[in-house]
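> coords.tsv is the file, holding TSV, C-alpha atoms and all ligand atoms:
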```tsv
chain	number	residue	atom	x	y	z
A	1274	MET	CA	82.97	-80.87	-39.82
A	1275	PRO	CA	82.18	-79.79	-36.27
A	1276	LEU	CA	78.87	-80.98	-34.93
A	1277	LEU	CA	77.82	-77.41	-34.13
A	1278	GLU	CA	78.38	-74.21	-36.08
A	1279	HIS	CA	77.69	-70.51	-35.63
A	1280	THR	CA	74.85	-68.95	-37.63
A	1281	ASP	CA	73.10	-65.58	-37.49
A	1282	SER	CA	70.46	-67.21	-35.29
A	1283	GLY	CA	72.96	-68.83	-32.92
A	1284	LEU	CA	74.48	-72.30	-32.52
A	1285	TYR	CA	73.20	-74.72	-35.18
A	1286	CYS	CA	73.45	-78.51	-35.39
A	1287	ARG	CA	73.22	-79.50	-39.06
A	1288	ALA	CA	72.78	-83.22	-38.30
A	1289	ALA	CA	69.68	-82.44	-36.20
A	1290	ASP	CA	68.61	-79.43	-38.26
A	1291	ALA	CA	68.09	-77.59	-34.96
A	1292	TRP	CA	69.34	-74.47	-33.20
A	1293	ILE	CA	70.28	-74.29	-29.52
A	1294	ASP	CA	68.72	-71.33	-27.66
A	1295	PRO	CA	68.36	-69.43	-30.97
A	1296	SER	CA	68.50	-65.63	-30.86
A	1297	ARG	CA	65.72	-65.29	-33.46
A	1298	PRO	CA	62.81	-67.36	-34.75
A	1299	VAL	CA	63.88	-70.65	-36.42
A	1300	ARG	CA	62.22	-73.90	-37.54
A	1301	ARG	CA	63.35	-76.01	-34.62
A	1302	ALA	CA	64.73	-74.82	-31.28
A	1303	LEU	CA	66.34	-76.89	-28.53
A	1304	ILE	CA	65.94	-74.86	-25.34
A	1305	THR	CA	68.26	-75.17	-22.33
A	1306	HIS	CA	65.95	-73.18	-20.01
A	1307	ALA	CA	63.25	-70.53	-19.88
A	1308	HIS	CA	65.33	-67.42	-19.05
A	1309	ALA	CA	64.68	-64.68	-21.60
A	1310	ASP	CA	68.17	-64.72	-23.13
A	1311	HIS	CA	67.82	-68.46	-23.91
A	1312	ALA	CA	64.13	-68.94	-24.77
A	1313	ARG	CA	62.76	-66.53	-27.33
A	1314	PRO	CA	59.34	-66.43	-28.95
A	1315	GLY	CA	58.43	-67.15	-32.57
A	1316	CYS	CA	60.00	-70.55	-33.33
A	1317	ASP	CA	57.97	-73.15	-35.26
A	1318	GLU	CA	58.76	-75.88	-32.76
A	1319	TYR	CA	60.45	-76.12	-29.38
A	1320	TRP	CA	62.10	-79.06	-27.61
A	1321	ALA	CA	62.74	-78.70	-23.88
A	1322	VAL	CA	62.55	-80.52	-20.54
A	1323	GLU	CA	59.06	-81.34	-19.29
A	1324	SER	CA	59.52	-79.58	-15.93
A	1325	SER	CA	60.25	-76.33	-17.80
A	1326	GLU	CA	56.92	-76.46	-19.65
A	1327	GLY	CA	54.92	-74.30	-17.20
A	1328	VAL	CA	57.34	-71.35	-17.25
A	1329	LEU	CA	58.08	-71.73	-20.98
A	1330	ARG	CA	54.40	-71.48	-21.91
A	1331	GLN	CA	53.93	-68.55	-19.50
A	1332	ARG	CA	56.73	-66.70	-21.23
A	1333	LEU	CA	56.49	-67.79	-24.90
A	1334	GLY	CA	52.73	-68.28	-25.16
A	1335	ARG	CA	50.29	-71.06	-24.30
A	1336	GLU	CA	49.97	-72.08	-27.97
A	1337	ILE	CA	53.65	-72.82	-28.82
A	1338	THR	CA	54.44	-76.23	-30.30
A	1339	LEU	CA	56.46	-77.82	-27.51
A	1340	HIS	CA	57.93	-81.30	-27.31
A	1341	ALA	CA	58.39	-81.73	-23.56
A	1342	MET	CA	60.94	-84.44	-22.80
A	1343	PRO	CA	61.95	-86.16	-19.57
A	1344	TYR	CA	65.61	-85.83	-18.50
A	1345	GLY	CA	67.85	-88.49	-20.00
A	1346	GLN	CA	65.45	-89.71	-22.69
A	1347	GLN	CA	67.19	-90.04	-26.06
A	1348	PHE	CA	65.35	-89.06	-29.24
A	1349	TRP	CA	66.37	-88.78	-32.87
A	1350	LEU	CA	66.26	-85.58	-34.90
A	1351	ASN	CA	67.41	-86.57	-38.40
A	1352	GLN	CA	70.94	-87.99	-37.95
A	1353	ALA	CA	71.46	-86.77	-34.37
A	1354	CYS	CA	70.60	-88.54	-31.14
A	1355	VAL	CA	69.61	-85.83	-28.65
A	1356	SER	CA	68.95	-85.81	-24.90
A	1357	PHE	CA	68.49	-83.31	-22.06
A	1358	HIS	CA	70.37	-83.59	-18.76
A	1359	SER	CA	69.88	-81.55	-15.63
A	1360	ALA	CA	71.94	-78.35	-15.34
A	1361	GLY	CA	70.98	-77.46	-11.74
A	1362	HIS	CA	70.38	-73.82	-12.76
A	1363	VAL	CA	66.59	-73.34	-12.42
A	1364	LEU	CA	63.54	-75.62	-12.56
A	1365	GLY	CA	63.67	-77.63	-15.81
A	1366	SER	CA	67.12	-76.34	-16.87
A	1367	ALA	CA	69.10	-78.63	-19.14
A	1368	GLN	CA	72.41	-79.39	-20.72
A	1369	ILE	CA	71.91	-80.61	-24.27
A	1370	ARG	CA	73.73	-83.77	-25.39
A	1371	LEU	CA	74.16	-84.40	-29.11
A	1372	CYS	CA	75.56	-87.64	-30.47
A	1373	VAL	CA	76.34	-88.02	-34.18
A	1374	GLU	CA	78.20	-91.08	-35.49
A	1375	GLY	CA	79.59	-91.84	-32.03
A	1376	GLU	CA	80.90	-88.33	-31.34
A	1377	VAL	CA	79.34	-86.64	-28.31
A	1378	TRP	CA	79.00	-82.90	-27.77
A	1379	VAL	CA	77.42	-81.33	-24.69
A	1380	VAL	CA	76.18	-77.73	-24.42
A	1381	THR	CA	75.82	-76.85	-20.73
A	1382	GLY	CA	73.59	-73.77	-21.00
A	1383	ASP	CA	73.63	-71.99	-17.63
A	1384	TYR	CA	74.46	-74.34	-14.75
A	1385	LYS	CA	75.61	-74.60	-11.16
A	1386	ARG	CA	77.07	-77.27	-8.90
A	1387	CYS	CA	75.84	-75.97	-5.49
A	1388	ALA	CA	72.82	-77.76	-4.00
A	1389	ASP	CA	69.52	-75.97	-4.72
A	1390	PRO	CA	66.26	-77.27	-3.14
A	1391	SER	CA	64.17	-75.63	-5.90
A	1392	CYS	CA	65.48	-77.61	-8.88
A	1393	GLU	CA	66.92	-80.87	-10.10
A	1394	PRO	CA	70.66	-81.40	-9.29
A	1395	PHE	CA	73.38	-81.06	-11.96
A	1396	GLU	CA	74.27	-84.25	-13.83
A	1397	VAL	CA	77.80	-84.93	-15.10
A	1398	VAL	CA	77.53	-85.94	-18.78
A	1399	PRO	CA	80.63	-87.56	-20.31
A	1400	CYS	CA	81.48	-86.13	-23.74
A	1401	ASP	CA	84.18	-85.47	-26.33
A	1402	VAL	CA	83.48	-81.77	-26.75
A	1403	LEU	CA	82.04	-79.54	-24.01
A	1404	ILE	CA	80.62	-76.06	-24.53
A	1405	THR	CA	80.54	-74.47	-21.09
A	1406	GLU	CA	79.33	-71.11	-19.85
A	1407	ALA	CA	81.72	-69.02	-17.70
A	1408	THR	CA	79.58	-66.19	-16.37
A	1409	PHE	CA	81.62	-66.21	-13.13
A	1410	GLY	CA	84.86	-67.55	-14.64
A	1411	LEU	CA	87.39	-65.89	-12.35
A	1412	PRO	CA	89.15	-67.43	-9.30
A	1413	ILE	CA	87.67	-64.69	-7.05
A	1414	TYR	CA	84.21	-66.26	-7.40
A	1415	SER	CA	83.59	-68.90	-4.76
A	1416	TRP	CA	80.06	-69.46	-3.45
A	1417	GLU	CA	78.86	-70.27	0.04
A	1418	PRO	CA	76.16	-72.96	0.34
A	1419	GLY	CA	72.59	-71.71	-0.13
A	1420	GLU	CA	71.54	-72.57	3.42
A	1421	ARG	CA	74.30	-70.35	4.81
A	1422	VAL	CA	73.02	-67.46	2.70
A	1423	ALA	CA	69.45	-68.24	3.80
A	1424	GLU	CA	70.60	-67.92	7.44
A	1425	GLN	CA	72.12	-64.50	6.65
A	1426	ILE	CA	68.86	-63.40	5.04
A	1427	ARG	CA	66.79	-64.62	7.97
A	1428	ALA	CA	69.02	-62.71	10.44
A	1429	TRP	CA	68.74	-59.51	8.33
A	1430	TRP	CA	64.95	-59.83	8.01
A	1431	LYS	CA	64.23	-60.84	11.63
A	1432	GLY	CA	66.64	-58.15	12.85
A	1433	ASP	CA	64.14	-55.44	11.86
A	1434	GLN	CA	60.56	-56.12	12.92
A	1435	GLU	CA	59.49	-52.45	12.68
A	1436	HIS	CA	59.71	-52.11	8.89
A	1437	PRO	CA	59.08	-54.21	5.79
A	1438	SER	CA	62.12	-56.06	4.39
A	1439	LEU	CA	62.29	-55.74	0.61
A	1440	LEU	CA	64.53	-58.36	-0.96
A	1441	PHE	CA	65.17	-57.90	-4.68
A	1442	CYS	CA	66.04	-60.91	-6.83
A	1443	TYR	CA	65.35	-62.27	-10.32
A	1444	SER	CA	61.72	-63.27	-10.56
A	1445	PHE	CA	62.34	-66.66	-12.23
A	1446	GLY	CA	64.64	-69.03	-10.38
A	1447	LYS	CA	66.22	-66.88	-7.68
A	1448	ALA	CA	62.99	-65.90	-5.92
A	1449	GLN	CA	61.76	-69.50	-5.78
A	1450	ARG	CA	65.17	-70.75	-4.67
A	1451	LEU	CA	65.12	-68.20	-1.84
A	1452	MET	CA	61.73	-69.48	-0.66
A	1453	ALA	CA	62.94	-73.09	-0.93
A	1454	GLU	CA	66.20	-72.34	0.93
A	1455	LEU	CA	64.26	-70.51	3.70
A	1456	HIS	CA	61.83	-73.42	3.92
A	1457	ALA	CA	64.77	-75.84	4.19
A	1458	ILE	CA	66.18	-74.00	7.25
A	1459	GLY	CA	62.77	-74.10	8.94
A	1460	VAL	CA	61.20	-70.74	8.04
A	1461	GLU	CA	57.42	-71.10	7.85
A	1462	ASP	CA	56.42	-67.41	7.75
A	1463	GLU	CA	54.37	-66.30	4.78
A	1464	VAL	CA	56.47	-64.38	2.24
A	1465	LEU	CA	54.87	-61.62	0.13
A	1466	LEU	CA	55.44	-61.46	-3.60
A	1467	HIS	CA	55.54	-58.84	-6.34
A	1468	GLY	CA	53.24	-59.85	-9.23
A	1469	ALA	CA	56.12	-60.88	-11.51
A	1470	VAL	CA	57.44	-63.27	-8.85
A	1471	GLU	CA	53.97	-64.63	-8.09
A	1472	THR	CA	53.38	-65.73	-11.70
A	1473	VAL	CA	56.50	-67.91	-11.87
A	1474	THR	CA	56.00	-69.20	-8.34
A	1475	ARG	CA	52.70	-70.76	-9.41
A	1476	SER	CA	54.60	-72.99	-11.87
A	1477	TYR	CA	57.04	-74.04	-9.15
A	1478	ARG	CA	54.19	-74.93	-6.79
A	1479	ALA	CA	52.50	-76.90	-9.57
A	1480	ALA	CA	55.78	-78.84	-9.98
A	1481	GLY	CA	55.73	-79.66	-6.23
A	1482	VAL	CA	58.79	-77.63	-5.16
A	1483	PRO	CA	58.67	-77.23	-1.34
A	1484	MET	CA	58.81	-73.52	-0.42
A	1485	THR	CA	57.69	-71.17	2.36
A	1486	PRO	CA	54.02	-70.16	2.03
A	1487	SER	CA	53.52	-67.02	-0.05
A	1488	ARG	CA	50.93	-64.70	-1.46
A	1489	PRO	CA	50.84	-61.61	-3.65
A	1490	VAL	CA	51.49	-58.41	-1.71
A	1491	SER	CA	48.62	-56.88	-3.72
A	1492	THR	CA	46.13	-59.02	-1.75
A	1493	ILE	CA	46.99	-57.18	1.49
A	1494	SER	CA	45.27	-53.94	2.54
A	1495	SER	CA	47.32	-50.88	1.62
A	1496	LYS	CA	46.80	-49.65	5.20
A	1497	ASP	CA	48.82	-52.56	6.58
A	1498	PRO	CA	52.34	-51.21	7.30
A	1499	LEU	CA	53.80	-54.71	6.63
A	1500	ALA	CA	56.18	-54.36	9.59
A	1501	GLY	CA	58.41	-57.41	9.90
A	1502	ARG	CA	57.24	-58.91	6.59
A	1503	LEU	CA	59.60	-60.19	3.88
A	1504	ILE	CA	58.70	-59.13	0.34
A	1505	LEU	CA	60.38	-60.51	-2.82
A	1506	ALA	CA	60.46	-58.32	-5.93
A	1507	PRO	CA	62.40	-58.15	-9.22
A	1508	PRO	CA	65.25	-55.60	-9.57
A	1509	SER	CA	63.12	-53.62	-12.07
A	1510	ALA	CA	60.76	-52.68	-9.19
A	1511	HIS	CA	63.59	-51.10	-7.18
A	1512	ARG	CA	63.10	-47.31	-6.93
A	1513	SER	CA	59.90	-47.60	-9.02
A	1514	ALA	CA	56.44	-46.26	-8.15
A	1515	TRP	CA	55.64	-49.75	-6.81
A	1516	MET	CA	57.90	-49.03	-3.81
A	1517	ARG	CA	55.72	-46.16	-2.56
A	1518	ARG	CA	53.50	-48.72	-0.92
A	1519	PHE	CA	56.21	-49.48	1.67
A	1520	ARG	CA	57.07	-47.17	4.57
A	1521	SER	CA	60.87	-46.86	5.07
A	1522	PRO	CA	61.66	-50.45	4.12
A	1523	GLN	CA	65.09	-51.99	4.51
A	1524	THR	CA	66.35	-53.17	1.11
A	1525	ALA	CA	68.70	-55.88	-0.13
A	1526	PHE	CA	69.63	-57.62	-3.37
A	1527	ALA	CA	70.41	-61.35	-3.70
A	1528	SER	CA	72.66	-62.19	-6.66
A	1529	GLY	CA	76.06	-63.58	-7.60
A	1530	TRP	CA	76.91	-60.05	-8.70
A	1531	MET	CA	76.85	-58.97	-5.05
A	1532	ALA	CA	80.30	-60.59	-4.83
A	1533	VAL	CA	81.65	-57.80	-7.01
A	1534	ARG	CA	83.14	-54.95	-4.98
A	1535	GLY	CA	81.05	-51.79	-5.18
A	1536	ALA	CA	78.11	-53.43	-7.01
A	1537	ARG	CA	75.72	-53.15	-4.06
A	1538	ARG	CA	76.45	-49.47	-3.48
A	1539	ARG	CA	76.26	-48.64	-7.20
A	1540	ARG	CA	72.84	-50.24	-7.40
A	1541	GLY	CA	71.66	-48.50	-4.25
A	1542	TYR	CA	70.83	-51.46	-1.99
A	1543	GLU	CA	71.51	-51.40	1.76
A	1544	ARG	CA	72.57	-55.04	1.85
A	1545	GLY	CA	73.83	-57.58	-0.66
A	1546	PHE	CA	73.53	-61.36	-0.36
A	1547	VAL	CA	75.79	-63.43	-2.59
A	1548	LEU	CA	73.62	-66.17	-4.07
A	1549	SER	CA	74.21	-67.33	-7.64
A	1550	ASP	CA	72.60	-69.86	-9.94
A	1551	HIS	CA	75.80	-70.12	-12.00
A	1552	ALA	CA	78.88	-72.23	-11.28
A	1553	ASP	CA	81.73	-70.55	-9.43
A	1554	TRP	CA	85.37	-70.89	-10.58
A	1555	GLN	CA	85.94	-74.26	-8.89
A	1556	GLY	CA	82.56	-75.49	-10.13
A	1557	LEU	CA	83.46	-74.63	-13.73
A	1558	ILE	CA	86.83	-76.41	-13.58
A	1559	ARG	CA	85.40	-79.44	-11.81
A	1560	THR	CA	82.69	-79.73	-14.45
A	1561	VAL	CA	85.15	-79.54	-17.35
A	1562	LEU	CA	87.40	-82.21	-15.79
A	1563	GLU	CA	84.54	-84.54	-14.79
A	1564	SER	CA	83.07	-84.41	-18.31
A	1565	GLY	CA	86.26	-86.03	-19.66
A	1566	ALA	CA	86.06	-83.76	-22.72
A	1567	SER	CA	89.33	-83.12	-24.54
A	1568	THR	CA	88.02	-80.11	-26.43
A	1569	ILE	CA	86.35	-77.24	-24.56
A	1570	TYR	CA	84.64	-74.13	-25.86
A	1571	VAL	CA	83.88	-71.40	-23.34
A	1572	THR	CA	81.06	-68.86	-23.67
A	1573	HIS	CA	79.74	-65.91	-21.63
A	1574	GLY	CA	81.74	-63.91	-19.09
A	1575	GLN	CA	85.44	-64.54	-18.68
A	1576	ASN	CA	85.82	-67.06	-21.51
A	1577	ASP	CA	89.46	-66.09	-22.23
A	1578	VAL	CA	90.60	-66.45	-18.59
A	1579	LEU	CA	89.02	-69.88	-18.12
A	1580	SER	CA	90.16	-71.22	-21.49
A	1581	ARG	CA	93.75	-70.11	-20.90
A	1582	PHE	CA	93.72	-71.74	-17.44
A	1583	LEU	CA	92.41	-75.02	-18.90
A	1584	ARG	CA	95.08	-74.99	-21.62
A	1585	GLU	CA	98.02	-74.10	-19.40
A	1586	ARG	CA	97.13	-76.00	-16.22
A	1587	HIS	CA	95.31	-79.02	-17.60
A	1588	GLY	CA	96.65	-79.31	-21.15
A	1589	LEU	CA	93.17	-79.23	-22.64
A	1590	ASP	CA	92.27	-77.91	-26.07
A	1591	ALA	CA	90.21	-75.00	-24.73
A	1592	ARG	CA	89.20	-71.71	-26.34
A	1593	PRO	CA	86.42	-69.11	-26.46
A	1594	LEU	CA	83.31	-70.31	-28.30
A	1595	ASP	CA	83.57	-67.59	-30.96
A	1596	GLN	CA	86.66	-69.48	-32.23
A	1597	LEU	CA	84.54	-72.52	-33.13
A	1598	SER	CA	84.58	-72.91	-36.91
A	1601	ZN	ZN	69.77	-68.64	-16.98
A	1602	ZN	ZN	72.04	-67.18	-19.40
```
Before we go any further, please render this structure as structure tokens.
Ligand SMILES: [Zn+2]
Ligand SMILES: [Zn+2]


Amino acid sequence: MPLLEHTDSGLYCRAADAWIDPSRPVRRALITHAHADHARPGCDEYWAVESSEGVLRQRLGREITLHAMPYGQQFWLNQACVSFHSAGHVLGSAQIRLCVEGEVWVVTGDYKRCADPSCEPFEVVPCDVLITEATFGLPIYSWEPGERVAEQIRAWWKGDQEHPSLLFCYSFGKAQRLMAELHAIGVEDEVLLHGAVETVTRSYRAAGVPMTPSRPVSTISSKDPLAGRLILAPPSAHRSAWMRRFRSPQTAFASGWMAVRGARRRRGYERGFVLSDHADWQGLIRTVLESGASTIYVTHGQNDVLSRFLRERHGLDARPLDQLS
């Protein structure tokens, strides 16, 4: 019997009687991180990493029953020994390790291997069976270090001091990483935030993440032309009524998807900065090999390409996660 199985609510561990990132309300949820496609409301009880608690409660409700665990601490759920290990994706993101009768399975959740000053670094967790994501599982994906991208963003922003610079990015994770990367290269200017970014940023500040100073753009007089200011906003605000506040801003989008030819133009941004919180092709392969796992299941993105590569080049028993049975 495999340690994990597919159910209508997502991946289920019978030995622990728990679901991993369930897609609908269940009795007991083990949560890899607080992004909306992994942490959903309505479960009776949640288990997650303690540094994810602030954002989780913001998003799922203050009153949820949450067991907040430190990284690496083992705990028993029925017959399974469970622990969370850093995934390097966003603040409080985790890989989930399950050990039952000496057999170890690890579910990576979303993860990356590049350094990120806004969250805990990725930890290699030895295991027998690894379930890895492959959002960017093609050889064309190869990331530059965050500080290099931060330098590009600073040059773009400082290159236009007559207009506001609107930089779009995901409000949880990416925006805070951008402020931490800018801080790390010596930027001390105050950055202005859309309300959705401001909410999450409060949790990051409470966790002590060093970032550039910031404040909500709504606290600044609407008469201020905001020339030379950097403003961070979620993609949903692009081309919305919210943008009327800014006079001929320059616009850009920061995302791993900016590596895809034509994506920037299709989405209508003037500039694209390639900055991802997922592993690139080399990062995925390195992670699989370092885990020592002999059986690999691949989920998200290009799961067939990566699993075929792992089979043919490395002789591993690798296949898309939907083939787990
Ligand atoms: Zn995520
Ligand atoms: Zn995800």

> Need the shell around Gln1368 in chain A: protein/DNA/RNA residues with any atom at most 7 Å away, counting only C-alpha atoms. Skip same-chain ones fewer than 6 positions apart. Format as a ChimeraX atom specification?

/A:1305,1357-1360,1379-1382

> To one decimal place, how far is CA of Leu1403 in chain A from CA of Ile1569 in chain A in Å?

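Distance between the two atoms: 4.9 Å.
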
> For chain A against ligand ZN 1601 (chain A), with a cut-off of 9 Å and counting all atoms listed in the file, what is the closest atom pair and its distance in Å to one decimal for every residue that makes the cut, ordered by chain and number, as JSON lines?


```
{"residue": "A:Thr1305", "atom": "CA", "partner": "A:ZN1601", "partner_atom": "ZN", "distance": 8.6}
{"residue": "A:His1306", "atom": "CA", "partner": "A:ZN1601", "partner_atom": "ZN", "distance": 6.7}
{"residue": "A:Ala1307", "atom": "CA", "partner": "A:ZN1601", "partner_atom": "ZN", "distance": 7.4}
{"residue": "A:His1308", "atom": "CA", "partner": "A:ZN1601", "partner_atom": "ZN", "distance": 5.0}
{"residue": "A:Ala1309", "atom": "CA", "partner": "A:ZN1601", "partner_atom": "ZN", "distance": 7.9}
{"residue": "A:Asp1310", "atom": "CA", "partner": "A:ZN1601", "partner_atom": "ZN", "distance": 7.5}
{"residue": "A:His1311", "atom": "CA", "partner": "A:ZN1601", "partner_atom": "ZN", "distance": 7.2}
{"residue": "A:His1362", "atom": "CA", "partner": "A:ZN1601", "partner_atom": "ZN", "distance": 6.7}
{"residue": "A:Val1363", "atom": "CA", "partner": "A:ZN1601", "partner_atom": "ZN", "distance": 7.3}
{"residue": "A:Ser1366", "atom": "CA", "partner": "A:ZN1601", "partner_atom": "ZN", "distance": 8.1}
{"residue": "A:Gly1382", "atom": "CA", "partner": "A:ZN1601", "partner_atom": "ZN", "distance": 7.6}
{"residue": "A:Asp1383", "atom": "CA", "partner": "A:ZN1601", "partner_atom": "ZN", "distance": 5.2}
{"residue": "A:Tyr1384", "atom": "CA", "partner": "A:ZN1601", "partner_atom": "ZN", "distance": 7.7}
{"residue": "A:Gly1446", "atom": "CA", "partner": "A:ZN1601", "partner_atom": "ZN", "distance": 8.4}
{"residue": "A:Asp1550", "atom": "CA", "partner": "A:ZN1601", "partner_atom": "ZN", "distance": 7.7}
{"residue": "A:His1551", "atom": "CA", "partner": "A:ZN1601", "partner_atom": "ZN", "distance": 8.0}
```

> Which of these, A:Tyr1414, A:Met1274, A:Pro1314, A:Glu1420, has the shortest distance to Arg1534 in chain A once you count all atoms listed in the file?

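Of A:Tyr1414, A:Met1274, A:Pro1314, A:Glu1420, the one nearest Arg1534 in chain A is A:Tyr1414, counting all atoms listed in the file.
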
> With only C-alpha atoms as the basis for distance, which of A:Asn1576, A:His1436, A:Leu1597, A:Asp1462 is at the shortest distance from Ser1521 in chain A?

A:His1436

> So which one's closest to ligand ZN 1602 (chain A), A:Ala1367, A:Val1373, A:Met1484, A:Ile1504? Using all atoms listed in the file, please.

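Under the stated criterion, the closest residue is A:Ala1367.
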
> Edge lengths and centre in Å to one decimal, as lines of an AutoDock Vina configuration file, of the axis-aligned box that encloses all listed atoms of range 1521-1534 of chain A with 8 Å added on every side?


```
center_x = 72.0
center_y = -55.2
center_z = -1.8
size_x = 38.3
size_y = 32.7
size_z = 29.8
```

> Enter the distance from CA of Pro1507 in chain A to CA of Phe1526 in chain A, in Å, rounded to one decimal.

9.3 Å

> Given the choices A:Arg1421, A:Gly1365, A:Ala1500, A:Gly1565, which gets closest to Phe1395 in chain A if the distance is worked out from only C-alpha atoms?

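Residue with the minimum atom-to-atom distance to Phe1395 in chain A: A:Gly1365.
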
> Just to confirm, what's the straight-line distance from CA of Ile1558 in chain A to CA of Cys1400 in chain A in Å (one decimal)?

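Taking CA of Ile1558 in chain A and CA of Cys1400 in chain A, their separation equals 15.0 Å.
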